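S.K.: For reference, the structure I am asking about is given below.
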2 protein chains.
Amino acid sequence: VKTTVSRRPVRVPGFRFAGVRCGLKEDGKRDVALIVSDRPAAAAGAFTRNRVRAAPVRIGQERLRAGRLQAIVINSGNANAYTGPSGDAVARAMTATVARALGIPEALVVPSSTGKIGVPLPRARVLRGVRAACRALDTAGFAAALEGMMTTDAFPKFAVERVTLGGRRVTIAAMAKGAGMIAPNMATLLTYVLTDACVSRAGARQALRRALPDSFNAIVVDGDTSTNDTAILLANGVAGNAEIGPDSRAFPAFAAAVARAMRTVARLVVKDGEGATKVVDIRVRGAASDREAARVADTIARSPLCKTAFYGGDPYAGRLICAAGYSGADFSPDRLNIFVGNVAVVRRGRPQGAAAERRAARVMARPEFAITLDLHCGRGTAYRVASDLTAEYVHFNSAYRT
Amino acid sequence: VKTTVSRRPVRVPGFRFAGVRCGLKEDGKRDVALIVSDRPAAAAGAFTRNRVRAAPVRIGQERLRAGRLQAIVINSGNANAYTGPSGDAVARAMTATVARALGIPEALVVPSSTGKIGVPLPRARVLRGVRAACRALDTAGFAAALEGMMTTDAFPKFAVERVTLGGRRVTIAAMAKGAGMIAPNMATLLTYVLTDACVSRAGARQALRRALPDSFNAIVVDGDTSTNDTAILLANGVAGNAEIGPDSRAFPAFAAAVARAMRTVARLVVKDGEGATKVVDIRVRGAASDREAARVADTIARSPLCKTAFYGGDPYAGRLICAAGYSGADFSPDRLNIFVGNVAVVRRGRPQGAAAERRAARVMARPEFAITLDLHCGRGTAYRVASDLTAEYVHFNSAYRT
């Protein structure tokens, strides 16, 4: 999958960025990134539900509680996960180094890491990188920071929204790294949403929470949920608008812009899924509940048989019917409708035959298409975005380390 | 994966078999099979938990309730699933045809089908095949019947046990077709266990129930559960031993032989998993409960990242740790031990480094190896047998029909 990326530097008023090399990655690419707000920002976060949480995730959860942050220090090439007390110490040392260099409280700095699990993060090396990043901070450093957080990503993933809130023009920029281990919930390794809007802590939390279900919690690459998934929203207020809380008139416009940016970036994560050649929107409606709908959508999004059919462009409805059947959702098979794009391949439980399949095959030949299942037994809906399963995924992941 | 299969005909006293061609398969291979006992047999069955059950599954469940059967009529090349009332009528016509030709009650005949979903099963063609099968019945027809039930299987899968029960030599033969859509529960499309032992209906049910957890309910190829999964045990009593019930002295020996035959055949199904090159035994112990252990074992057995690592022979423990972490099981990551074969790659939460990984890589280079996780927090255990995920699986399944 290729995508065109604008080369104009992304700027978010009141934020500086850096991306440097310290030798954590074997390929010599940038492996430390730093995001700093000129002033403490309202902050909200969401983290992996994996039982094994990386050291930086535990520290981030602890520091996010206060709802204020000023800096995020990130390394790639090593997840600092499953690294015991020394891993925790290195992660804290990363934030202490930033705090000292920039003269800000350590409690306002959170660490993030992504890469290999169970390998000690080399302390001296990463701290050298962190110090270099503090010196390299620049309002035009967004792209360098994005490169510093990438691992197997084929291209940088970001989205920028500009909206007028309370008479002020504000910027909302979302950046993410992804590629593998992508599944609900919190389906990205690392994503940061940065805005100069003035937002209360509750407003930031609410906006992030509303945006997650249809963005990072809707995407499936391989069904594996990482130990390091992190999403953080920072709003530094430099735009000077009246503070936006959950009940403000400006809140819906702000939340919608955050949601758009996050959906765009989440979709790019699927597009850049390891080995992916297709992006498939999976919509389920008419389920007994949203939860039942999610079971069907998740099962299809993860089924190796459905995902290889997406890859092959095979409109055979049998695999979708079968996946819906074993999803655990309660429905009546003879009321099921299935659409590929706008083509009905199953209507009221009846496969629509070869002509419909041929039209569906033309839809599935596109790089992006939608699959819709209507269970006709209630009002529950669910939405997922999935990549296909390709031989390239297997080649890539069977040779990741050896 | 290749395997050596004995070419001596399998015979089970009191059973006759047939496998014929009627043109359901495009490649011209046998596509109708028939298994007939000389007299009504004690019968037990287990079926798919998919919400979408094929017509033959529904009829089988209904007729198995009485616990007596005399014949099983099978077609491959078409699953007769999601085929509406006419699919049901064709399945019943298959059993009526057998009953008429052999002069036995229709209620003692069950149908089975495997193949494509949602495509009408051609009535005249399949009934022609069924009539031909009735004429071809032979005590030496086991291999022909097995071929008649195969779809994407690369080799026939069967196991034969001979044991002495109550002074009589009895035969227990298990036959299966598998390959894709293999996941707990009832993780095979079709499997039949045939014995000349004299067993009560309760004894047959009990023996089948005990054998399932470590055989067909333990195997994972791709995590997809089919609409047609069926396991049936027939015991016709021709051996003349005293009837074995669940409380008989001979029951443990009988149940153990059934379990051995089913485990052997289930393992062959994994070995013949679509594209599979490895068979991996996954054992979890020390979990808070068997259920929690099963969560961990299932997650590893299905994780695309773990399965591609099995393929690549990559001993990187990070993927196993991560999968255990998102399995939903409750455990303390710092008490976890992980073994690859006999090599400890993680001990009490500490990865054991490069030397251990090199030794583990040598174990993983073998076509069959074991992964053991000890959570050290209880007495719960689970066992799964999984295939690896290969580029061949993707090639095969992305080109299945188009």
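Each chain in the structure tokens gets a letter, A, B, ..., in the order shown, and its residues are numbered from 1; ligands are numbered from 1 in order too.
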Tell me, which residues of region 157-389 of chain A carry DSSP helix (DSSP H, G or I), written as a ChimeraX atom specification?
M.R.: /A:201-211,251-271,290-302,304-312,318-326,333-335,353-364
S.K.: Neighbouring residues of Gly380 (chain A) were defined as those with any atom within 7 Å, considering only C-alpha atoms; residues of the same chain fewer than 3 positions away were excluded. Please report them as a VMD selection string.
M.R.: chain A and resid 285 to 290 293
S.K.: Go ahead and save the picked residues with all heavy atoms, as a PDB file, in the first residue's frame.
M.R.:
```pdb
ATOM      1  N   ARG A 285     -25.218  -4.193  11.193  1.00  0.00           N
ATOM      2  CA  ARG A 285     -26.390  -3.491  11.735  1.00  0.00           C
ATOM      3  C   ARG A 285     -27.518  -4.511  11.950  1.00  0.00           C
ATOM      4  O   ARG A 285     -27.416  -5.658  11.523  1.00  0.00           O
ATOM      5  CB  ARG A 285     -26.827  -2.366  10.803  1.00  0.00           C
ATOM      6  CG  ARG A 285     -27.172  -2.814   9.421  1.00  0.00           C
ATOM      7  CD  ARG A 285     -27.298  -1.621   8.466  1.00  0.00           C
ATOM      8  NE  ARG A 285     -27.920  -2.058   7.225  1.00  0.00           N
ATOM      9  CZ  ARG A 285     -27.675  -1.548   6.026  1.00  0.00           C
ATOM     10  NH1 ARG A 285     -26.816  -0.563   5.891  1.00  0.00           N
ATOM     11  NH2 ARG A 285     -28.284  -2.020   4.956  1.00  0.00           N
ATOM     12  N   GLY A 286     -28.548  -4.052  12.647  1.00  0.00           N
ATOM     13  CA  GLY A 286     -29.692  -4.922  12.876  1.00  0.00           C
ATOM     14  C   GLY A 286     -29.433  -6.026  13.895  1.00  0.00           C
ATOM     15  O   GLY A 286     -30.171  -6.996  13.974  1.00  0.00           O
ATOM     16  N   ALA A 287     -28.348  -5.869  14.697  1.00  0.00           N
ATOM     17  CA  ALA A 287     -28.066  -6.877  15.729  1.00  0.00           C
ATOM     18  C   ALA A 287     -28.923  -6.604  16.956  1.00  0.00           C
ATOM     19  O   ALA A 287     -29.472  -5.516  17.111  1.00  0.00           O
ATOM     20  CB  ALA A 287     -26.590  -6.853  16.093  1.00  0.00           C
ATOM     21  N   ALA A 288     -29.019  -7.601  17.834  1.00  0.00           N
ATOM     22  CA  ALA A 288     -29.832  -7.453  19.034  1.00  0.00           C
ATOM     23  C   ALA A 288     -29.286  -6.332  19.920  1.00  0.00           C
ATOM     24  O   ALA A 288     -30.037  -5.686  20.644  1.00  0.00           O
ATOM     25  CB  ALA A 288     -29.882  -8.775  19.802  1.00  0.00           C
ATOM     26  N   SER A 289     -27.978  -6.095  19.868  1.00  0.00           N
ATOM     27  CA  SER A 289     -27.362  -5.018  20.645  1.00  0.00           C
ATOM     28  C   SER A 289     -26.057  -4.621  19.955  1.00  0.00           C
ATOM     29  O   SER A 289     -25.579  -5.337  19.076  1.00  0.00           O
ATOM     30  CB  SER A 289     -27.063  -5.495  22.067  1.00  0.00           C
ATOM     31  OG  SER A 289     -26.069  -6.517  22.011  1.00  0.00           O
ATOM     32  N   ASP A 290     -25.493  -3.487  20.370  1.00  0.00           N
ATOM     33  CA  ASP A 290     -24.201  -3.073  19.813  1.00  0.00           C
ATOM     34  C   ASP A 290     -23.134  -4.121  20.122  1.00  0.00           C
ATOM     35  O   ASP A 290     -22.242  -4.380  19.319  1.00  0.00           O
ATOM     36  CB  ASP A 290     -23.761  -1.725  20.399  1.00  0.00           C
ATOM     37  CG  ASP A 290     -24.595  -0.570  19.855  1.00  0.00           C
ATOM     38  OD1 ASP A 290     -25.416  -0.786  18.940  1.00  0.00           O
ATOM     39  OD2 ASP A 290     -24.423   0.557  20.360  1.00  0.00           O
ATOM     40  N   ALA A 293     -23.447  -6.943  17.747  1.00  0.00           N
ATOM     41  CA  ALA A 293     -22.962  -6.490  16.436  1.00  0.00           C
ATOM     42  C   ALA A 293     -21.430  -6.507  16.426  1.00  0.00           C
ATOM     43  O   ALA A 293     -20.806  -6.931  15.449  1.00  0.00           O
ATOM     44  CB  ALA A 293     -23.486  -5.094  16.134  1.00  0.00           C
TER      45      ALA A 293
END
```
S.K.: Would you list the contacts of Ile35 (chain A) as a list in words, taking every protein, DNA or RNA residue within 10 Å and counting only C-alpha atoms, but skipping same-chain residues closer than 2 positions in sequence?
M.R.: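 Near Ile35 (chain A), the qualifying residues are Phe15, Arg16, Phe17, Ala18, Gly19, Ala33, Ser37, Gln70, Ala71, Ile72, Val73, Ile74, Val109, Ala133, Cys134, Leu137, Asp138, Thr139, Gly141, Phe142, Ala145, Leu146, Tyr192 and Leu194 of chain A.
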S.K.: Kindly save the residues from that selection, with N, CA and C atoms included, as a short mmCIF file (atom, residue, chain, number, x, y, z; two decimals), in the first residue's frame.
M.R.:
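The resulting file, out-v3.cif, is reproduced below:
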```
data_model
loop_
_atom_site.label_atom_id
_atom_site.label_comp_id
_atom_site.auth_asym_id
_atom_site.auth_seq_id
_atom_site.Cartn_x
_atom_site.Cartn_y
_atom_site.Cartn_z
N PHE A 15 3.80 24.11 20.26
CA PHE A 15 4.44 22.79 20.38
C PHE A 15 5.76 22.78 19.62
N ARG A 16 6.75 22.12 20.21
CA ARG A 16 8.01 21.87 19.51
C ARG A 16 8.25 20.36 19.48
N PHE A 17 9.03 19.94 18.52
CA PHE A 17 9.23 18.50 18.27
C PHE A 17 10.69 18.21 17.97
N ALA A 18 11.08 16.99 18.23
CA ALA A 18 12.42 16.56 17.80
C ALA A 18 12.40 15.07 17.51
N GLY A 19 13.25 14.64 16.61
CA GLY A 19 13.46 13.21 16.34
C GLY A 19 14.93 13.02 16.07
N ALA A 33 12.07 10.33 19.97
CA ALA A 33 11.25 11.47 19.59
C ALA A 33 10.84 12.22 20.85
N SER A 37 5.22 20.87 24.84
CA SER A 37 4.35 22.04 24.77
C SER A 37 5.04 23.20 25.49
N GLN A 70 3.23 18.18 29.93
CA GLN A 70 3.92 19.16 29.09
C GLN A 70 4.81 18.50 28.02
N ALA A 71 5.19 17.26 28.26
CA ALA A 71 6.11 16.64 27.29
C ALA A 71 5.89 15.14 27.21
N ILE A 72 6.16 14.59 26.02
CA ILE A 72 6.13 13.14 25.81
C ILE A 72 7.47 12.75 25.19
N VAL A 73 8.16 11.82 25.82
CA VAL A 73 9.45 11.38 25.30
C VAL A 73 9.31 9.92 24.87
N ILE A 74 9.69 9.66 23.65
CA ILE A 74 9.39 8.37 23.01
C ILE A 74 10.65 7.73 22.46
N VAL A 109 5.96 14.96 32.44
CA VAL A 109 6.58 14.28 31.30
C VAL A 109 6.16 12.80 31.33
N ALA A 133 17.66 15.01 21.81
CA ALA A 133 16.32 15.44 21.39
C ALA A 133 15.95 16.76 22.06
N CYS A 134 16.31 16.93 23.32
CA CYS A 134 16.00 18.18 24.03
C CYS A 134 16.68 19.37 23.35
N LEU A 137 14.88 20.39 19.71
CA LEU A 137 13.47 20.78 19.63
C LEU A 137 13.26 21.94 18.67
N ASP A 138 12.19 21.82 17.86
CA ASP A 138 11.95 22.82 16.84
C ASP A 138 10.46 22.82 16.50
N THR A 139 9.91 23.98 16.22
CA THR A 139 8.48 24.04 15.87
C THR A 139 8.22 23.29 14.56
N GLY A 141 9.67 20.39 13.79
CA GLY A 141 10.23 19.05 13.94
C GLY A 141 9.22 17.90 13.91
N PHE A 142 7.98 18.18 13.54
CA PHE A 142 6.91 17.17 13.57
C PHE A 142 7.30 15.90 12.80
N ALA A 145 10.00 13.89 14.53
CA ALA A 145 9.46 13.18 15.69
C ALA A 145 8.68 11.93 15.24
N LEU A 146 7.91 12.09 14.18
CA LEU A 146 7.12 10.98 13.67
C LEU A 146 8.04 9.84 13.21
N TYR A 192 -0.60 10.31 19.25
CA TYR A 192 -0.67 11.55 20.01
C TYR A 192 -1.51 12.54 19.23
N LEU A 194 -2.46 16.51 19.23
CA LEU A 194 -1.94 17.75 19.79
C LEU A 194 -2.75 18.92 19.27
#
```
S.K.: Distance cut-off 8 Å, counting only C-alpha atoms - which residues of chain B neighbour chain A? Return them as a ChimeraX atom specification.
M.R.: /B:49-52,82-84,116-119,181,222-227,303-305,308-314,316-319,321-331,333-334,349-351,389-392,394-395,397-399,401-402
S.K.: Looking at B:Ala176, B:Ala140, B:Asp27, B:Gly273, which one is nearest to Pro156 (chain B), with distances taken over only C-alpha atoms?
M.R.: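 Ranked by minimum distance to Pro156 (chain B), first place goes to B:Ala176.
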S.K.: Do you know which residues are at most 9 Å from region 87-93 of chain B counting only C-alpha atoms, after dropping those on the same chain fewer than 4 positions away, and could you put them as an NGL selection string?
M.R.: :B and (54-56 or 58-59 or 80-83 or 97-98 or 106 or 110-113 or 120-123 or 126-127)
S.K.: Write the residues of the selection above to a file with C-alpha atoms, as a CSV table (one decimal), in the first residue's frame.
M.R.:
```
chain,number,residue,atom,x,y,z
B,54,ALA,CA,-25.8,-27.1,7.9
B,55,ALA,CA,-29.0,-29.1,7.0
B,56,PRO,CA,-27.2,-32.5,7.7
B,58,ARG,CA,-29.6,-30.4,12.1
B,59,ILE,CA,-30.9,-33.8,11.0
B,80,ASN,CA,-25.3,-28.2,2.1
B,81,ALA,CA,-25.2,-25.3,4.5
B,82,TYR,CA,-27.2,-22.1,4.2
B,83,THR,CA,-29.3,-23.8,1.5
B,97,THR,CA,-32.3,-43.4,-0.5
B,98,VAL,CA,-29.9,-45.3,1.8
B,106,GLU,CA,-34.5,-44.0,7.8
B,110,VAL,CA,-27.6,-39.7,9.3
B,111,PRO,CA,-26.2,-37.4,6.5
B,112,SER,CA,-23.0,-35.4,6.6
B,113,SER,CA,-21.8,-32.9,4.1
B,120,PRO,CA,-27.5,-25.7,-3.6
B,121,LEU,CA,-26.5,-29.4,-3.4
B,122,PRO,CA,-27.6,-30.9,-6.8
B,123,ARG,CA,-30.3,-33.4,-5.8
B,126,VAL,CA,-26.0,-36.6,-5.2
B,127,LEU,CA,-28.8,-39.2,-5.1
```
S.K.: Extract, using only C-alpha atoms, all DNA, RNA and protein residues at most 12 Å from Gly245 (chain B), discarding same-chain residues fewer than 4 positions from it, and format them as an MDAnalysis selection string.
M.R.: chainID B and resid 42 197:207 235 241 249:255
S.K.: Only all heavy atoms, please: the residues just picked out, written as a tab-separated table (two decimals), in the first residue's frame.
M.R.:
```tsv
chain	number	residue	atom	x	y	z
B	42	ALA	N	-24.96	-48.74	18.86
B	42	ALA	CA	-25.05	-47.65	19.85
B	42	ALA	C	-24.30	-46.47	19.25
B	42	ALA	O	-23.23	-46.64	18.68
B	42	ALA	CB	-24.42	-48.07	21.17
B	197	ALA	N	-16.92	-53.17	19.25
B	197	ALA	CA	-17.16	-53.43	20.67
B	197	ALA	C	-18.64	-53.30	20.98
B	197	ALA	O	-19.36	-52.56	20.31
B	197	ALA	CB	-16.37	-52.43	21.52
B	198	CYS	N	-19.08	-54.05	21.99
B	198	CYS	CA	-20.46	-53.92	22.46
B	198	CYS	C	-20.47	-52.89	23.59
B	198	CYS	O	-19.86	-53.11	24.64
B	198	CYS	CB	-20.98	-55.28	22.94
B	198	CYS	SG	-22.67	-55.18	23.53
B	199	VAL	N	-21.11	-51.78	23.34
B	199	VAL	CA	-21.08	-50.65	24.27
B	199	VAL	C	-22.51	-50.13	24.41
B	199	VAL	O	-23.26	-50.08	23.43
B	199	VAL	CB	-20.16	-49.53	23.72
B	199	VAL	CG1	-20.07	-48.37	24.71
B	199	VAL	CG2	-18.77	-50.06	23.40
B	200	SER	N	-22.88	-49.73	25.61
B	200	SER	CA	-24.22	-49.15	25.79
B	200	SER	C	-24.23	-47.74	25.21
B	200	SER	O	-23.19	-47.16	24.95
B	200	SER	CB	-24.56	-49.09	27.28
B	200	SER	OG	-23.78	-48.09	27.90
B	201	ARG	N	-25.44	-47.20	25.04
B	201	ARG	CA	-25.53	-45.83	24.51
B	201	ARG	C	-24.82	-44.85	25.45
B	201	ARG	O	-24.12	-43.97	25.01
B	201	ARG	CB	-26.99	-45.44	24.33
B	201	ARG	CG	-27.56	-46.09	23.08
B	201	ARG	CD	-29.00	-45.76	22.92
B	201	ARG	NE	-29.83	-46.68	23.70
B	201	ARG	CZ	-31.16	-46.65	23.70
B	201	ARG	NH1	-31.81	-45.72	23.00
B	201	ARG	NH2	-31.84	-47.52	24.40
B	202	ALA	N	-25.03	-45.05	26.75
B	202	ALA	CA	-24.38	-44.16	27.72
B	202	ALA	C	-22.87	-44.31	27.66
B	202	ALA	O	-22.12	-43.34	27.77
B	202	ALA	CB	-24.88	-44.46	29.14
B	203	GLY	N	-22.41	-45.55	27.46
B	203	GLY	CA	-20.98	-45.79	27.35
B	203	GLY	C	-20.39	-45.11	26.13
B	203	GLY	O	-19.30	-44.53	26.19
B	204	ALA	N	-21.12	-45.16	25.01
B	204	ALA	CA	-20.65	-44.51	23.79
B	204	ALA	C	-20.58	-43.00	23.99
B	204	ALA	O	-19.59	-42.35	23.64
B	204	ALA	CB	-21.59	-44.85	22.62
B	205	ARG	N	-21.64	-42.44	24.57
B	205	ARG	CA	-21.67	-40.98	24.82
B	205	ARG	C	-20.52	-40.54	25.71
B	205	ARG	O	-19.84	-39.57	25.44
B	205	ARG	CB	-23.00	-40.59	25.50
B	205	ARG	CG	-24.04	-40.05	24.53
B	205	ARG	CD	-25.09	-39.22	25.27
B	205	ARG	NE	-25.73	-39.98	26.35
B	205	ARG	CZ	-26.78	-40.80	26.17
B	205	ARG	NH1	-27.29	-40.97	24.97
B	205	ARG	NH2	-27.31	-41.42	27.20
B	206	GLN	N	-20.34	-41.30	26.78
B	206	GLN	CA	-19.31	-40.97	27.78
B	206	GLN	C	-17.91	-41.05	27.16
B	206	GLN	O	-17.07	-40.17	27.39
B	206	GLN	CB	-19.45	-41.99	28.92
B	206	GLN	CG	-18.88	-41.62	30.25
B	206	GLN	CD	-19.33	-40.27	30.75
B	206	GLN	OE1	-18.53	-39.34	30.74
B	206	GLN	NE2	-20.57	-40.15	31.19
B	207	ALA	N	-17.67	-42.08	26.38
B	207	ALA	CA	-16.34	-42.26	25.78
B	207	ALA	C	-16.04	-41.12	24.81
B	207	ALA	O	-14.94	-40.57	24.78
B	207	ALA	CB	-16.25	-43.61	25.07
B	235	ALA	N	-20.86	-48.04	17.79
B	235	ALA	CA	-20.37	-49.29	18.38
B	235	ALA	C	-21.40	-50.37	18.08
B	235	ALA	O	-22.51	-50.33	18.64
B	235	ALA	CB	-20.17	-49.11	19.89
B	241	ASN	N	-18.46	-58.98	23.14
B	241	ASN	CA	-18.09	-58.79	24.56
B	241	ASN	C	-19.33	-58.39	25.36
B	241	ASN	O	-20.33	-57.95	24.78
B	241	ASN	CB	-17.02	-57.70	24.67
B	241	ASN	CG	-17.47	-56.37	24.08
B	241	ASN	OD1	-17.77	-56.31	22.89
B	241	ASN	ND2	-17.56	-55.34	24.89
B	249	ARG	N	-16.09	-52.45	34.26
B	249	ARG	CA	-14.64	-52.56	34.48
B	249	ARG	C	-13.87	-52.32	33.20
B	249	ARG	O	-12.75	-51.82	33.23
B	249	ARG	CB	-14.31	-53.97	35.01
B	249	ARG	CG	-14.57	-54.07	36.50
B	249	ARG	CD	-14.09	-55.39	37.03
B	249	ARG	NE	-12.66	-55.61	36.74
B	249	ARG	CZ	-11.97	-56.67	37.15
B	249	ARG	NH1	-12.58	-57.60	37.87
B	249	ARG	NH2	-10.70	-56.81	36.87
B	250	ALA	N	-14.47	-52.69	32.06
B	250	ALA	CA	-13.76	-52.53	30.79
B	250	ALA	C	-13.84	-51.10	30.25
B	250	ALA	O	-13.15	-50.77	29.28
B	250	ALA	CB	-14.32	-53.50	29.75
B	251	PHE	N	-14.68	-50.26	30.88
B	251	PHE	CA	-14.89	-48.93	30.31
B	251	PHE	C	-13.61	-48.09	30.19
B	251	PHE	O	-13.36	-47.51	29.14
B	251	PHE	CB	-15.96	-48.14	31.07
B	251	PHE	CG	-16.21	-46.78	30.48
B	251	PHE	CD1	-16.97	-46.64	29.33
B	251	PHE	CD2	-15.64	-45.64	31.04
B	251	PHE	CE1	-17.16	-45.38	28.75
B	251	PHE	CE2	-15.83	-44.39	30.47
B	251	PHE	CZ	-16.59	-44.26	29.33
B	252	PRO	N	-12.79	-48.03	31.25
B	252	PRO	CA	-11.58	-47.18	31.13
B	252	PRO	C	-10.70	-47.59	29.96
B	252	PRO	O	-10.20	-46.72	29.24
B	252	PRO	CB	-10.88	-47.39	32.48
B	252	PRO	CG	-11.97	-47.76	33.42
B	252	PRO	CD	-12.94	-48.58	32.61
B	253	ALA	N	-10.53	-48.88	29.73
B	253	ALA	CA	-9.70	-49.33	28.62
B	253	ALA	C	-10.33	-48.96	27.28
B	253	ALA	O	-9.64	-48.52	26.35
B	253	ALA	CB	-9.48	-50.84	28.71
B	254	PHE	N	-11.66	-49.11	27.21
B	254	PHE	CA	-12.37	-48.74	25.98
B	254	PHE	C	-12.24	-47.24	25.72
B	254	PHE	O	-11.85	-46.79	24.63
B	254	PHE	CB	-13.84	-49.15	26.07
B	254	PHE	CG	-14.68	-48.62	24.94
B	254	PHE	CD1	-14.50	-49.11	23.64
B	254	PHE	CD2	-15.63	-47.63	25.15
B	254	PHE	CE1	-15.27	-48.62	22.58
B	254	PHE	CE2	-16.40	-47.13	24.10
B	254	PHE	CZ	-16.21	-47.63	22.81
B	255	ALA	N	-12.53	-46.44	26.75
B	255	ALA	CA	-12.49	-44.98	26.60
B	255	ALA	C	-11.09	-44.52	26.25
B	255	ALA	O	-10.91	-43.59	25.44
B	255	ALA	CB	-12.98	-44.30	27.89
```
S.K.: From a DSSP calculation on the backbone, collect every residue of region 43-226 of chain A in strand (DSSP E or B) and output the set as an NGL selection string.
M.R.: :A and (43-47 or 68-78 or 109-116 or 138 or 157-165 or 168-177 or 190-195 or 199 or 219-220)
S.K.: Mind checking which residues fall within 9 Å of Lys157 (chain A), counting only C-alpha atoms, ignoring those fewer than 2 positions away in the same chain, and posting them as a PyMOL selection string?
M.R.: chain A and resi 5+146+153+155+159+174-178+264-266+268-269+272
S.K.: Dump N, CA and C atoms for the selected residues as an mmCIF file, in the first residue's frame?
M.R.:
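New file again-v1.cif:
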```cif
data_model
loop_
_atom_site.group_PDB
_atom_site.id
_atom_site.type_symbol
_atom_site.label_atom_id
_atom_site.label_comp_id
_atom_site.auth_asym_id
_atom_site.auth_seq_id
_atom_site.Cartn_x
_atom_site.Cartn_y
_atom_site.Cartn_z
ATOM 1 N N VAL A 5 2.087 11.633 0.919
ATOM 2 C CA VAL A 5 2.139 12.396 2.151
ATOM 3 C C VAL A 5 2.623 13.800 1.813
ATOM 4 N N LEU A 146 7.910 12.087 14.179
ATOM 5 C CA LEU A 146 7.118 10.978 13.669
ATOM 6 C C LEU A 146 8.037 9.839 13.214
ATOM 7 N N ASP A 153 6.559 0.616 10.324
ATOM 8 C CA ASP A 153 5.707 1.470 9.500
ATOM 9 C C ASP A 153 6.376 1.749 8.154
ATOM 10 N N PHE A 155 5.167 4.169 6.085
ATOM 11 C CA PHE A 155 5.058 5.620 5.829
ATOM 12 C C PHE A 155 4.563 6.305 7.104
ATOM 13 N N ALA A 159 -2.609 13.354 10.603
ATOM 14 C CA ALA A 159 -3.741 14.081 10.030
ATOM 15 C C ALA A 159 -3.808 15.427 10.731
ATOM 16 N N ALA A 174 -2.949 14.898 14.611
ATOM 17 C CA ALA A 174 -2.830 13.546 15.176
ATOM 18 C C ALA A 174 -1.683 12.848 14.474
ATOM 19 N N MET A 175 -0.864 12.166 15.250
ATOM 20 C CA MET A 175 0.255 11.405 14.687
ATOM 21 C C MET A 175 0.214 9.997 15.271
ATOM 22 N N ALA A 176 0.605 8.999 14.479
ATOM 23 C CA ALA A 176 0.517 7.617 14.978
ATOM 24 C C ALA A 176 1.576 6.743 14.346
ATOM 25 N N LYS A 177 1.971 5.714 15.089
ATOM 26 C CA LYS A 177 2.746 4.625 14.493
ATOM 27 C C LYS A 177 1.952 3.351 14.691
ATOM 28 N N GLY A 178 2.050 2.449 13.751
ATOM 29 C CA GLY A 178 1.210 1.258 13.868
ATOM 30 C C GLY A 178 1.854 0.054 13.244
ATOM 31 N N THR A 264 -8.937 9.387 10.613
ATOM 32 C CA THR A 264 -8.032 9.421 9.454
ATOM 33 C C THR A 264 -6.743 8.676 9.761
ATOM 34 N N VAL A 265 -6.180 8.957 10.926
ATOM 35 C CA VAL A 265 -4.910 8.330 11.290
ATOM 36 C C VAL A 265 -5.092 6.833 11.527
ATOM 37 N N ALA A 266 -6.198 6.445 12.162
ATOM 38 C CA ALA A 266 -6.451 5.024 12.419
ATOM 39 C C ALA A 266 -6.558 4.262 11.100
ATOM 40 N N LEU A 268 -5.141 5.093 8.309
ATOM 41 C CA LEU A 268 -3.788 4.993 7.750
ATOM 42 C C LEU A 268 -3.016 3.841 8.409
ATOM 43 N N VAL A 269 -3.297 3.600 9.692
ATOM 44 C CA VAL A 269 -2.631 2.486 10.382
ATOM 45 C C VAL A 269 -3.041 1.157 9.730
ATOM 46 N N ASP A 272 -1.427 0.787 6.362
ATOM 47 C CA ASP A 272 -0.016 0.440 6.504
ATOM 48 C C ASP A 272 0.143 -0.854 7.313
#
```
S.K.: What is the CA of Ala370 (chain A) to CA of Ala259 (chain A) distance in Å?
M.R.: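 That distance, rounded to one decimal, is 20.3 Å.
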S.K.: B:Ala144, B:Ala211, B:Val340, B:Ala99: which is nearest Glu368 (chain B), counting only C-alpha atoms?
M.R.: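 Closest to Glu368 (chain B) of all the choices is B:Val340.
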S.K.: Identify which of the residues A:Arg135, A:Lys25, A:Arg263, A:Arg125 lies closest to Ala101 (chain A), counting only C-alpha atoms when measuring atom-to-atom distances.
M.R.: A:Arg135
